[in-house]
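Written below as structure tokens is the structure these notes are about.
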Amino acid sequence: MQSRVKWVENMTFLGQSNSGHSVVMDGNGGEKAPSPMELVLMAAGGCSSVDVVDGLKSAGQKITGCEAQINSVRREQAPRIFTTANLHFVVTGENLDEAVVAKTVADSLEKYCSVCLMLGEGVEMTHSYEVVEE
């Protein structure tokens with residue numbers, strides 16, 4: 001897998017993926033676009049969401065929605081790495097089995113989500129969930 005990042009102007013950068021997609025990043029704390037650190041959180045939420053949705057569908061759950069809300073804490077001094085992050089999933093569906101949701105969310109964070117597993121090497125990663133009946 002490859003990607004590249006090109007400087008555009010000021011503190012604006014264009015990331016280009018090997019699959020041909022682009023994303024703008026802002027080094028000024030998100031003035032024009034997400035900052036690189038915001039993208040790290042979105043990547044964790046996206047990667048884990050894929051696991052949760054796929055896992056629940058595979059388990060025969062009637063899932064109609066899934067939202068990952070990511071809260072994190074960063075160090076005050078450089079390097080301003082994340083020290084903690086929590087992925088809270090709001091899972092919506094019909095007659096969802098809460099035990100299946102709990103296991104699927106935990107398995108994503110602990111076994112399957114590549115981004116979360118990488119972050120977990122230096123960040124205290126936690127998860128939580130809520131089930132919303134439709």
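Ligands are numbered from 1 in the order shown, chains are lettered A, B, ... in the order of the structure tokens, and residues start at 1 in each chain.
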
Per residue of region 38-111 of chain A within 12 Å of region 9-27 of chain A, record the nearest atom pair and its distance in Å to one decimal, counting only C-alpha atoms, with rows in chain order and ascending residue number, as a Markdown table.
```
| residue | atom | partner | partner_atom | distance |
| --- | --- | --- | --- | --- |
| A:Glu38 | CA | A:Met25 | CA | 9.2 |
| A:Leu39 | CA | A:Met25 | CA | 8.2 |
| A:Val40 | CA | A:Met25 | CA | 11.3 |
```

All strand (DSSP E) residues (DSSP, backbone) inside chain A, as number ranges by chain: A: 3-9, 12-17, 22-26, 62-74, 82-94, 124-133

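Here the question is which of A:Ser35, A:Ser72, A:Ser49, A:Ser58 gets nearest to Leu119 (chain A) using only C-alpha atoms, and that residue is A:Ser72.
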
Backbone-only DSSP, helix (DSSP H, G or I) members of region 19-120 of chain A, as a VMD selection string: chain A and resid 36 to 58 98 to 112 114 to 119

Distance query region 104-118 of chain A at most 8 Å, only C-alpha atoms, self and fewer than 6 positions along chain excluded, as a ChimeraX atom specification: /A:43-44,47-48,51-52,55-56,89,125-129

May I have the residues from that selection written out with N, CA and C atoms, as a PDB file, in the first residue's frame?
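Final file, result37.pdb:
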```
ATOM      1  N   ALA A  43     -10.187   7.719  10.774  1.00  0.00           N
ATOM      2  CA  ALA A  43      -9.743   6.422  10.253  1.00  0.00           C
ATOM      3  C   ALA A  43     -10.066   5.310  11.251  1.00  0.00           C
ATOM      4  N   ALA A  44      -9.839   5.567  12.526  1.00  0.00           N
ATOM      5  CA  ALA A  44     -10.166   4.564  13.554  1.00  0.00           C
ATOM      6  C   ALA A  44     -11.668   4.297  13.573  1.00  0.00           C
ATOM      7  N   CYS A  47     -12.636   2.420  10.204  1.00  0.00           N
ATOM      8  CA  CYS A  47     -12.153   1.039  10.184  1.00  0.00           C
ATOM      9  C   CYS A  47     -12.982   0.170  11.135  1.00  0.00           C
ATOM     10  N   SER A  48     -13.202   0.659  12.326  1.00  0.00           N
ATOM     11  CA  SER A  48     -13.957  -0.101  13.309  1.00  0.00           C
ATOM     12  C   SER A  48     -15.429  -0.222  12.903  1.00  0.00           C
ATOM     13  N   ASP A  51     -15.990  -3.100  10.619  1.00  0.00           N
ATOM     14  CA  ASP A  51     -16.039  -4.354  11.376  1.00  0.00           C
ATOM     15  C   ASP A  51     -17.393  -4.550  12.051  1.00  0.00           C
ATOM     16  N   VAL A  52     -17.895  -3.496  12.681  1.00  0.00           N
ATOM     17  CA  VAL A  52     -19.147  -3.598  13.438  1.00  0.00           C
ATOM     18  C   VAL A  52     -20.320  -3.883  12.503  1.00  0.00           C
ATOM     19  N   GLY A  55     -19.854  -7.361  10.954  1.00  0.00           N
ATOM     20  CA  GLY A  55     -20.039  -8.396  11.970  1.00  0.00           C
ATOM     21  C   GLY A  55     -21.490  -8.577  12.369  1.00  0.00           C
ATOM     22  N   LEU A  56     -22.208  -7.472  12.517  1.00  0.00           N
ATOM     23  CA  LEU A  56     -23.621  -7.566  12.902  1.00  0.00           C
ATOM     24  C   LEU A  56     -24.466  -8.147  11.764  1.00  0.00           C
ATOM     25  N   PHE A  89     -20.207   3.492  19.935  1.00  0.00           N
ATOM     26  CA  PHE A  89     -21.056   3.135  18.801  1.00  0.00           C
ATOM     27  C   PHE A  89     -22.521   3.272  19.176  1.00  0.00           C
ATOM     28  N   MET A 125      -6.992   2.580  24.366  1.00  0.00           N
ATOM     29  CA  MET A 125      -8.190   2.531  23.540  1.00  0.00           C
ATOM     30  C   MET A 125      -9.316   1.842  24.314  1.00  0.00           C
ATOM     31  N   THR A 126     -10.487   2.464  24.342  1.00  0.00           N
ATOM     32  CA  THR A 126     -11.659   1.862  24.966  1.00  0.00           C
ATOM     33  C   THR A 126     -12.829   1.955  23.994  1.00  0.00           C
ATOM     34  N   HIS A 127     -13.886   1.226  24.309  1.00  0.00           N
ATOM     35  CA  HIS A 127     -15.077   1.270  23.476  1.00  0.00           C
ATOM     36  C   HIS A 127     -16.311   1.233  24.361  1.00  0.00           C
ATOM     37  N   SER A 128     -17.401   1.676  23.805  1.00  0.00           N
ATOM     38  CA  SER A 128     -18.701   1.597  24.450  1.00  0.00           C
ATOM     39  C   SER A 128     -19.733   1.564  23.339  1.00  0.00           C
ATOM     40  N   TYR A 129     -20.976   1.286  23.721  1.00  0.00           N
ATOM     41  CA  TYR A 129     -22.026   1.199  22.698  1.00  0.00           C
ATOM     42  C   TYR A 129     -23.363   1.477  23.328  1.00  0.00           C
TER      43      TYR A 129
END
```

Shell of 10 Å around Val132 (chain A), only C-alpha atoms, local chain residues under 6 positions omitted, as a ChimeraX atom specification: /A:63-66,90-96

Selection to disk with all heavy atoms, as a PDB file, in the first residue's frame:
```
ATOM      1  N   ILE A  63     -29.569  -4.578  11.417  1.00  0.00           N
ATOM      2  CA  ILE A  63     -28.981  -3.268  11.686  1.00  0.00           C
ATOM      3  C   ILE A  63     -29.431  -2.290  10.599  1.00  0.00           C
ATOM      4  O   ILE A  63     -29.443  -2.629   9.413  1.00  0.00           O
ATOM      5  CB  ILE A  63     -27.437  -3.366  11.765  1.00  0.00           C
ATOM      6  CG1 ILE A  63     -26.816  -2.009  12.045  1.00  0.00           C
ATOM      7  CG2 ILE A  63     -26.854  -4.017  10.545  1.00  0.00           C
ATOM      8  CD1 ILE A  63     -25.314  -2.047  12.272  1.00  0.00           C
ATOM      9  N   THR A  64     -29.843  -1.090  11.031  1.00  0.00           N
ATOM     10  CA  THR A  64     -30.266  -0.064  10.079  1.00  0.00           C
ATOM     11  C   THR A  64     -29.383   1.182  10.161  1.00  0.00           C
ATOM     12  O   THR A  64     -29.439   2.035   9.293  1.00  0.00           O
ATOM     13  CB  THR A  64     -31.728   0.349  10.317  1.00  0.00           C
ATOM     14  OG1 THR A  64     -31.871   0.810  11.662  1.00  0.00           O
ATOM     15  CG2 THR A  64     -32.670  -0.826  10.067  1.00  0.00           C
ATOM     16  N   GLY A  65     -28.567   1.273  11.218  1.00  0.00           N
ATOM     17  CA  GLY A  65     -27.685   2.425  11.347  1.00  0.00           C
ATOM     18  C   GLY A  65     -26.549   2.141  12.314  1.00  0.00           C
ATOM     19  O   GLY A  65     -26.673   1.321  13.223  1.00  0.00           O
ATOM     20  N   CYS A  66     -25.445   2.809  12.078  1.00  0.00           N
ATOM     21  CA  CYS A  66     -24.291   2.675  12.958  1.00  0.00           C
ATOM     22  C   CYS A  66     -23.499   3.974  12.901  1.00  0.00           C
ATOM     23  O   CYS A  66     -23.114   4.417  11.819  1.00  0.00           O
ATOM     24  CB  CYS A  66     -23.414   1.502  12.527  1.00  0.00           C
ATOM     25  SG  CYS A  66     -21.938   1.289  13.555  1.00  0.00           S
ATOM     26  N   VAL A  90     -23.256   3.970  18.339  1.00  0.00           N
ATOM     27  CA  VAL A  90     -24.714   4.026  18.448  1.00  0.00           C
ATOM     28  C   VAL A  90     -25.231   3.152  17.314  1.00  0.00           C
ATOM     29  O   VAL A  90     -25.102   3.496  16.136  1.00  0.00           O
ATOM     30  CB  VAL A  90     -25.247   5.471  18.319  1.00  0.00           C
ATOM     31  CG1 VAL A  90     -26.768   5.484  18.417  1.00  0.00           C
ATOM     32  CG2 VAL A  90     -24.622   6.367  19.384  1.00  0.00           C
ATOM     33  N   VAL A  91     -25.769   1.998  17.684  1.00  0.00           N
ATOM     34  CA  VAL A  91     -26.222   1.007  16.713  1.00  0.00           C
ATOM     35  C   VAL A  91     -27.750   0.984  16.733  1.00  0.00           C
ATOM     36  O   VAL A  91     -28.359   0.806  17.781  1.00  0.00           O
ATOM     37  CB  VAL A  91     -25.656  -0.388  17.043  1.00  0.00           C
ATOM     38  CG1 VAL A  91     -26.121  -1.416  16.028  1.00  0.00           C
ATOM     39  CG2 VAL A  91     -24.132  -0.346  17.111  1.00  0.00           C
ATOM     40  N   THR A  92     -28.316   1.165  15.562  1.00  0.00           N
ATOM     41  CA  THR A  92     -29.766   1.204  15.412  1.00  0.00           C
ATOM     42  C   THR A  92     -30.223   0.002  14.611  1.00  0.00           C
ATOM     43  O   THR A  92     -29.543  -0.406  13.664  1.00  0.00           O
ATOM     44  CB  THR A  92     -30.182   2.501  14.679  1.00  0.00           C
ATOM     45  OG1 THR A  92     -29.603   3.613  15.355  1.00  0.00           O
ATOM     46  CG2 THR A  92     -31.681   2.664  14.638  1.00  0.00           C
ATOM     47  N   GLY A  93     -31.366  -0.547  15.006  1.00  0.00           N
ATOM     48  CA  GLY A  93     -31.906  -1.675  14.254  1.00  0.00           C
ATOM     49  C   GLY A  93     -33.147  -2.236  14.902  1.00  0.00           C
ATOM     50  O   GLY A  93     -33.688  -1.663  15.852  1.00  0.00           O
ATOM     51  N   GLU A  94     -33.582  -3.372  14.377  1.00  0.00           N
ATOM     52  CA  GLU A  94     -34.782  -4.037  14.863  1.00  0.00           C
ATOM     53  C   GLU A  94     -34.406  -5.303  15.624  1.00  0.00           C
ATOM     54  O   GLU A  94     -33.682  -6.149  15.093  1.00  0.00           O
ATOM     55  CB  GLU A  94     -35.687  -4.417  13.683  1.00  0.00           C
ATOM     56  CG  GLU A  94     -36.186  -3.228  12.891  1.00  0.00           C
ATOM     57  CD  GLU A  94     -36.980  -3.655  11.667  1.00  0.00           C
ATOM     58  OE1 GLU A  94     -37.562  -4.768  11.678  1.00  0.00           O
ATOM     59  OE2 GLU A  94     -37.004  -2.888  10.696  1.00  0.00           O
ATOM     60  N   ASN A  95     -34.893  -5.410  16.842  1.00  0.00           N
ATOM     61  CA  ASN A  95     -34.671  -6.598  17.667  1.00  0.00           C
ATOM     62  C   ASN A  95     -33.198  -6.989  17.761  1.00  0.00           C
ATOM     63  O   ASN A  95     -32.851  -8.163  17.649  1.00  0.00           O
ATOM     64  CB  ASN A  95     -35.489  -7.793  17.145  1.00  0.00           C
ATOM     65  CG  ASN A  95     -36.972  -7.512  17.149  1.00  0.00           C
ATOM     66  OD1 ASN A  95     -37.509  -6.984  18.125  1.00  0.00           O
ATOM     67  ND2 ASN A  95     -37.643  -7.835  16.056  1.00  0.00           N
ATOM     68  N   LEU A  96     -32.344  -6.000  17.958  1.00  0.00           N
ATOM     69  CA  LEU A  96     -30.915  -6.280  18.066  1.00  0.00           C
ATOM     70  C   LEU A  96     -30.617  -7.021  19.363  1.00  0.00           C
ATOM     71  O   LEU A  96     -31.167  -6.689  20.416  1.00  0.00           O
ATOM     72  CB  LEU A  96     -30.105  -4.985  18.010  1.00  0.00           C
ATOM     73  CG  LEU A  96     -30.188  -4.200  16.701  1.00  0.00           C
ATOM     74  CD1 LEU A  96     -29.477  -2.861  16.837  1.00  0.00           C
ATOM     75  CD2 LEU A  96     -29.598  -5.010  15.564  1.00  0.00           C
TER      76      LEU A  96
END
```
